[in-house]
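A.B. asks: Can you read through this structure? Questions will come right after.
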Amino acid sequence: MFEVKNWHSVDDYIGAALISKEEAQEETLAANARAGLPAIDVSPPQGKLLYLLACAIGARHVLEIGTLGGYSTTWLARAVGEGGKVVTFEVDAHHAEVARANVAREGMSARVDLRVGPALEMLPLLESERAQPFDLAFIDADKPSNAAYFDYALKLSRPGALIIVDNVIREGAVADASATDSGALGARALFDAVAAEGRVEATAVQTVGAKGWDGFLIARVR
Ligand code: SAH
Ligand code: DHB
Ligand code: MG
């Protein structure tokens, strides 16, 4: 059996080899820790994956649900480039305040539209106000709402858009019928919804690393 500490040191190796100091956002992670935020940001290799996927499809408009301290937000903001936009939702005012400062330090404020409040209450507003559909959505907030967030992301996205959902494996709980915690139930409801949705093609990939055993669901809008 492999140990989590090995996964962590391999993430350190990947980071040292392929992720520059400017990219790594160490100050953001330190500021989050000082402010008492939970260390549940995507890992640096995962953040760079989000960035690379966004770059690969030329994403200019990104939707994020679950900002925390703005770590994944900043990776996505780098990808959209000058004039691009990341609309990100955060329910916790303290998280949002820390995120605002981090995003500003990274020089990304002009590209980030941070909205504070419960995402499910605020997404309908976005639906009515938006002219331009999203190229990519990253869903990483409260897990029981994943299927509902997926519906909104689909509704608000262009054909060819990517919808990426974090934390869908939860140490295998998704596929363990005896696991009935809200994370496992939320992940299963998401898989069911995606499987029944003819407008997307999708997969999920398990990941190991600094964040243990988890994974992403990745869907492409037809
Ligand atoms: N995407 C971030 C991590 C997000 S952690 C990163 O990788 O850097 C999940 C965040 O979702 C937390 O900050 C939490 O406060 C927020 N959240 C939980 N429920 C929410 C809701 N209903 N609406 C908006 N944000 C929510
Ligand atoms: C948790 C939430 C996350 O978004 C994550 O990436 C890891 C853990 C959590 O709530 O435990
Ligand atoms: Mg997450």
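Convention: chains lettered A, B, ... in structure tokens order; per-chain residue numbering from 1; ligands numbered from 1 as shown.
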Could you give me, as a PyMOL selection string, the residues within 10 Å of A:Leu217, counting only C-alpha atoms and dropping anything in the same chain fewer than 3 positions from it?

C.D. replies: chain A and resi 139+163-169+187+190-191+194+202-206

A.B. asks: Output the selection as a tab-separated table (two decimals), in the first residue's frame - C-alpha atoms for each residue.

C.D. replies:
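Everything below was put into part29.tsv:
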```
chain	number	residue	atom	x	y	z
A	139	ILE	CA	-17.34	23.63	-9.60
A	163	ILE	CA	-17.32	21.75	-16.98
A	164	ILE	CA	-14.91	20.49	-14.32
A	165	VAL	CA	-16.05	19.34	-10.88
A	166	ASP	CA	-13.60	18.85	-8.00
A	167	ASN	CA	-13.71	16.19	-5.24
A	168	VAL	CA	-15.92	13.61	-6.95
A	169	ILE	CA	-14.04	10.50	-5.75
A	187	ALA	CA	-20.84	12.93	-6.02
A	190	LEU	CA	-23.67	14.32	-9.97
A	191	PHE	CA	-22.56	11.17	-11.82
A	194	VAL	CA	-24.23	13.73	-16.00
A	202	ALA	CA	-17.86	13.19	-19.81
A	203	THR	CA	-15.30	11.24	-17.86
A	204	ALA	CA	-13.83	11.31	-14.38
A	205	VAL	CA	-10.20	10.82	-13.40
A	206	GLN	CA	-8.98	9.72	-10.00
```

A.B. asks: Check which residues fall inside 12 Å of ligand 3 when counting only C-alpha atoms and all ligand atoms, and print them as a ChimeraX atom specification.

C.D. replies: /A:38-43,46-47,64-69,71-72,138-143,146,164-170,183,211-217

A.B. asks: Can you list, as a PDB file with N, CA, C and O atoms, in the first residue's frame, every protein, DNA or RNA residue that comes within 10 Å of A:Ala137 when you count only C-alpha atoms, leaving out same-chain residues fewer than 3 positions away?

C.D. replies:
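Done, and the output landed in part.pdb:
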```
ATOM      1  N   ALA A  54      -7.845  25.428 -19.517  1.00  0.00           N
ATOM      2  CA  ALA A  54      -8.458  26.694 -19.919  1.00  0.00           C
ATOM      3  C   ALA A  54      -7.707  27.307 -21.103  1.00  0.00           C
ATOM      4  O   ALA A  54      -8.323  27.792 -22.061  1.00  0.00           O
ATOM      5  N   ALA A  59     -10.090  29.655 -23.352  1.00  0.00           N
ATOM      6  CA  ALA A  59     -11.166  30.203 -22.507  1.00  0.00           C
ATOM      7  C   ALA A  59     -10.930  31.675 -22.191  1.00  0.00           C
ATOM      8  O   ALA A  59      -9.833  32.078 -21.802  1.00  0.00           O
ATOM      9  N   HIS A  61     -13.968  33.388 -20.810  1.00  0.00           N
ATOM     10  CA  HIS A  61     -14.995  33.598 -19.776  1.00  0.00           C
ATOM     11  C   HIS A  61     -15.130  32.332 -18.958  1.00  0.00           C
ATOM     12  O   HIS A  61     -15.506  31.290 -19.493  1.00  0.00           O
ATOM     13  N   VAL A  62     -14.813  32.445 -17.695  1.00  0.00           N
ATOM     14  CA  VAL A  62     -14.795  31.275 -16.808  1.00  0.00           C
ATOM     15  C   VAL A  62     -15.754  31.508 -15.639  1.00  0.00           C
ATOM     16  O   VAL A  62     -15.816  32.608 -15.082  1.00  0.00           O
ATOM     17  N   LEU A  63     -16.481  30.464 -15.295  1.00  0.00           N
ATOM     18  CA  LEU A  63     -17.339  30.458 -14.115  1.00  0.00           C
ATOM     19  C   LEU A  63     -16.699  29.572 -13.061  1.00  0.00           C
ATOM     20  O   LEU A  63     -16.293  28.448 -13.362  1.00  0.00           O
ATOM     21  N   GLU A  64     -16.580  30.085 -11.837  1.00  0.00           N
ATOM     22  CA  GLU A  64     -16.083  29.269 -10.728  1.00  0.00           C
ATOM     23  C   GLU A  64     -17.098  29.328  -9.590  1.00  0.00           C
ATOM     24  O   GLU A  64     -17.604  30.399  -9.264  1.00  0.00           O
ATOM     25  N   ILE A  65     -17.370  28.184  -8.994  1.00  0.00           N
ATOM     26  CA  ILE A  65     -18.251  28.135  -7.820  1.00  0.00           C
ATOM     27  C   ILE A  65     -17.429  27.581  -6.665  1.00  0.00           C
ATOM     28  O   ILE A  65     -16.991  26.430  -6.693  1.00  0.00           O
ATOM     29  N   LEU A  76      -6.979  30.267 -12.954  1.00  0.00           N
ATOM     30  CA  LEU A  76      -7.922  30.430 -14.074  1.00  0.00           C
ATOM     31  C   LEU A  76      -7.831  31.834 -14.656  1.00  0.00           C
ATOM     32  O   LEU A  76      -7.914  32.015 -15.873  1.00  0.00           O
ATOM     33  N   VAL A  86     -13.117  35.918 -14.974  1.00  0.00           N
ATOM     34  CA  VAL A  86     -13.526  34.792 -14.130  1.00  0.00           C
ATOM     35  C   VAL A  86     -14.599  35.310 -13.172  1.00  0.00           C
ATOM     36  O   VAL A  86     -14.333  36.203 -12.375  1.00  0.00           O
ATOM     37  N   VAL A  87     -15.793  34.781 -13.297  1.00  0.00           N
ATOM     38  CA  VAL A  87     -16.857  35.090 -12.327  1.00  0.00           C
ATOM     39  C   VAL A  87     -16.830  33.990 -11.280  1.00  0.00           C
ATOM     40  O   VAL A  87     -16.970  32.808 -11.611  1.00  0.00           O
ATOM     41  N   THR A  88     -16.597  34.359 -10.018  1.00  0.00           N
ATOM     42  CA  THR A  88     -16.427  33.345  -8.977  1.00  0.00           C
ATOM     43  C   THR A  88     -17.339  33.633  -7.791  1.00  0.00           C
ATOM     44  O   THR A  88     -17.502  34.787  -7.379  1.00  0.00           O
ATOM     45  N   PHE A 134     -20.178  31.033 -20.919  1.00  0.00           N
ATOM     46  CA  PHE A 134     -18.881  30.644 -20.377  1.00  0.00           C
ATOM     47  C   PHE A 134     -18.211  29.584 -21.255  1.00  0.00           C
ATOM     48  O   PHE A 134     -18.877  28.752 -21.865  1.00  0.00           O
ATOM     49  N   ASP A 140     -16.528  23.774  -7.301  1.00  0.00           N
ATOM     50  CA  ASP A 140     -15.710  23.352  -6.150  1.00  0.00           C
ATOM     51  C   ASP A 140     -16.247  23.991  -4.874  1.00  0.00           C
ATOM     52  O   ASP A 140     -15.512  24.651  -4.147  1.00  0.00           O
ATOM     53  N   TYR A 149     -25.390  22.715  -9.463  1.00  0.00           N
ATOM     54  CA  TYR A 149     -24.375  23.587 -10.064  1.00  0.00           C
ATOM     55  C   TYR A 149     -24.069  23.157 -11.498  1.00  0.00           C
ATOM     56  O   TYR A 149     -23.871  23.987 -12.386  1.00  0.00           O
ATOM     57  N   PHE A 150     -24.035  21.846 -11.690  1.00  0.00           N
ATOM     58  CA  PHE A 150     -23.762  21.343 -13.037  1.00  0.00           C
ATOM     59  C   PHE A 150     -24.837  21.822 -14.011  1.00  0.00           C
ATOM     60  O   PHE A 150     -24.527  22.240 -15.134  1.00  0.00           O
ATOM     61  N   TYR A 152     -26.652  24.532 -13.861  1.00  0.00           N
ATOM     62  CA  TYR A 152     -26.425  25.948 -14.177  1.00  0.00           C
ATOM     63  C   TYR A 152     -25.236  26.125 -15.113  1.00  0.00           C
ATOM     64  O   TYR A 152     -25.287  26.904 -16.070  1.00  0.00           O
ATOM     65  N   ALA A 153     -24.164  25.420 -14.815  1.00  0.00           N
ATOM     66  CA  ALA A 153     -22.973  25.549 -15.662  1.00  0.00           C
ATOM     67  C   ALA A 153     -23.304  25.184 -17.101  1.00  0.00           C
ATOM     68  O   ALA A 153     -22.892  25.873 -18.052  1.00  0.00           O
ATOM     69  N   LEU A 154     -24.088  24.124 -17.261  1.00  0.00           N
ATOM     70  CA  LEU A 154     -24.475  23.682 -18.603  1.00  0.00           C
ATOM     71  C   LEU A 154     -25.322  24.751 -19.291  1.00  0.00           C
ATOM     72  O   LEU A 154     -25.111  25.087 -20.458  1.00  0.00           O
ATOM     73  N   LEU A 156     -25.326  27.865 -18.821  1.00  0.00           N
ATOM     74  CA  LEU A 156     -24.619  29.136 -19.032  1.00  0.00           C
ATOM     75  C   LEU A 156     -23.399  28.990 -19.934  1.00  0.00           C
ATOM     76  O   LEU A 156     -22.652  29.945 -20.124  1.00  0.00           O
ATOM     77  N   SER A 157     -23.175  27.793 -20.483  1.00  0.00           N
ATOM     78  CA  SER A 157     -21.938  27.541 -21.240  1.00  0.00           C
ATOM     79  C   SER A 157     -22.181  27.394 -22.732  1.00  0.00           C
ATOM     80  O   SER A 157     -23.265  27.021 -23.174  1.00  0.00           O
ATOM     81  N   ALA A 161     -17.686  23.968 -24.445  1.00  0.00           N
ATOM     82  CA  ALA A 161     -17.191  24.373 -23.116  1.00  0.00           C
ATOM     83  C   ALA A 161     -16.855  23.147 -22.269  1.00  0.00           C
ATOM     84  O   ALA A 161     -17.397  22.058 -22.480  1.00  0.00           O
ATOM     85  N   LEU A 162     -15.963  23.346 -21.303  1.00  0.00           N
ATOM     86  CA  LEU A 162     -15.626  22.307 -20.327  1.00  0.00           C
ATOM     87  C   LEU A 162     -16.266  22.643 -18.991  1.00  0.00           C
ATOM     88  O   LEU A 162     -16.247  23.797 -18.556  1.00  0.00           O
ATOM     89  N   ILE A 163     -16.815  21.609 -18.350  1.00  0.00           N
ATOM     90  CA  ILE A 163     -17.322  21.748 -16.979  1.00  0.00           C
ATOM     91  C   ILE A 163     -16.530  20.763 -16.120  1.00  0.00           C
ATOM     92  O   ILE A 163     -16.536  19.555 -16.382  1.00  0.00           O
ATOM     93  N   ILE A 164     -15.804  21.300 -15.154  1.00  0.00           N
ATOM     94  CA  ILE A 164     -14.908  20.491 -14.321  1.00  0.00           C
ATOM     95  C   ILE A 164     -15.411  20.551 -12.886  1.00  0.00           C
ATOM     96  O   ILE A 164     -15.674  21.640 -12.360  1.00  0.00           O
ATOM     97  N   VAL A 165     -15.555  19.394 -12.258  1.00  0.00           N
ATOM     98  CA  VAL A 165     -16.046  19.344 -10.875  1.00  0.00           C
ATOM     99  C   VAL A 165     -14.985  18.683  -9.996  1.00  0.00           C
ATOM    100  O   VAL A 165     -14.503  17.581 -10.302  1.00  0.00           O
ATOM    101  N   ILE A 218     -14.880  15.629 -15.590  1.00  0.00           N
ATOM    102  CA  ILE A 218     -14.686  16.585 -16.682  1.00  0.00           C
ATOM    103  C   ILE A 218     -15.717  16.291 -17.772  1.00  0.00           C
ATOM    104  O   ILE A 218     -15.781  15.168 -18.286  1.00  0.00           O
ATOM    105  N   ALA A 219     -16.526  17.288 -18.068  1.00  0.00           N
ATOM    106  CA  ALA A 219     -17.546  17.138 -19.097  1.00  0.00           C
ATOM    107  C   ALA A 219     -17.325  18.189 -20.185  1.00  0.00           C
ATOM    108  O   ALA A 219     -16.870  19.297 -19.900  1.00  0.00           O
TER     109      ALA A 219
END
```

A.B. asks: In terms of the shortest atom-to-atom distance over only C-alpha atoms and all ligand atoms, which of A:Asp176, A:Asp181, A:Asp192, A:Asp92 is closest to ligand 1?

C.D. replies: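 Between A:Asp176, A:Asp181, A:Asp192, A:Asp92, the residue approaching ligand 1 most closely is A:Asp92.
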
A.B. asks: Please return, as number ranges by chain, all residues of stretch 2-104 of chain A that DSSP assigns to alpha helix (DSSP H) on the basis of the backbone.

C.D. replies: A: 4-18, 21-24, 26-34, 44-56, 71-80, 93-104

A.B. asks: Write out as a list in words all residues of stretch 86-139 of chain A that DSSP puts in strand (DSSP E) for this structure's backbone.

C.D. replies: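 Restricting stretch 86-139 of chain A to strand (DSSP E) produces Val86, Val87, Thr88, Phe89, Glu90, Val112, Asp113, Leu114, Arg115, Val116, Phe134, Asp135, Leu136, Ala137, Phe138 and Ile139 of chain A.
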
A.B. asks: Env of A:Ala56: 12 Å cut, atoms = only C-alpha atoms, seq-sep filter 2 positions within chain, self excluded. Answer as a list in words.

C.D. replies: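 Close residues of A:Ala56: Lys48, Leu49, Leu50, Tyr51, Leu52, Leu53, Ala54, Gly58, Ala59, Arg60, Leu76, Ala79, Val80, Asp135, Leu136, Gly160, Ala161 and Leu162 of chain A.
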
A.B. asks: Rank nothing, just name the residue among A:Ser109, A:Ser182, A:Ser145, A:Gln132 nearest to A:Gly70, using only C-alpha atoms.

C.D. replies: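 Nearest to A:Gly70: A:Ser109.
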
A.B. asks: Can you pull out every residue within 12 Å of A:Ile14, counting only C-alpha atoms, but drop anything in the same chain fewer than 2 positions away, and send it as a PyMOL selection string?

C.D. replies: chain A and resi 7-12+16-20+24+43-46+48+209-210

A.B. asks: Can you work out the spacing between atom CA of A:Cys55 and atom CA of A:Arg78 in Å, to one decimal?

C.D. replies: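 Separating atom CA of A:Cys55 from atom CA of A:Arg78 is a distance of 9.0 Å.
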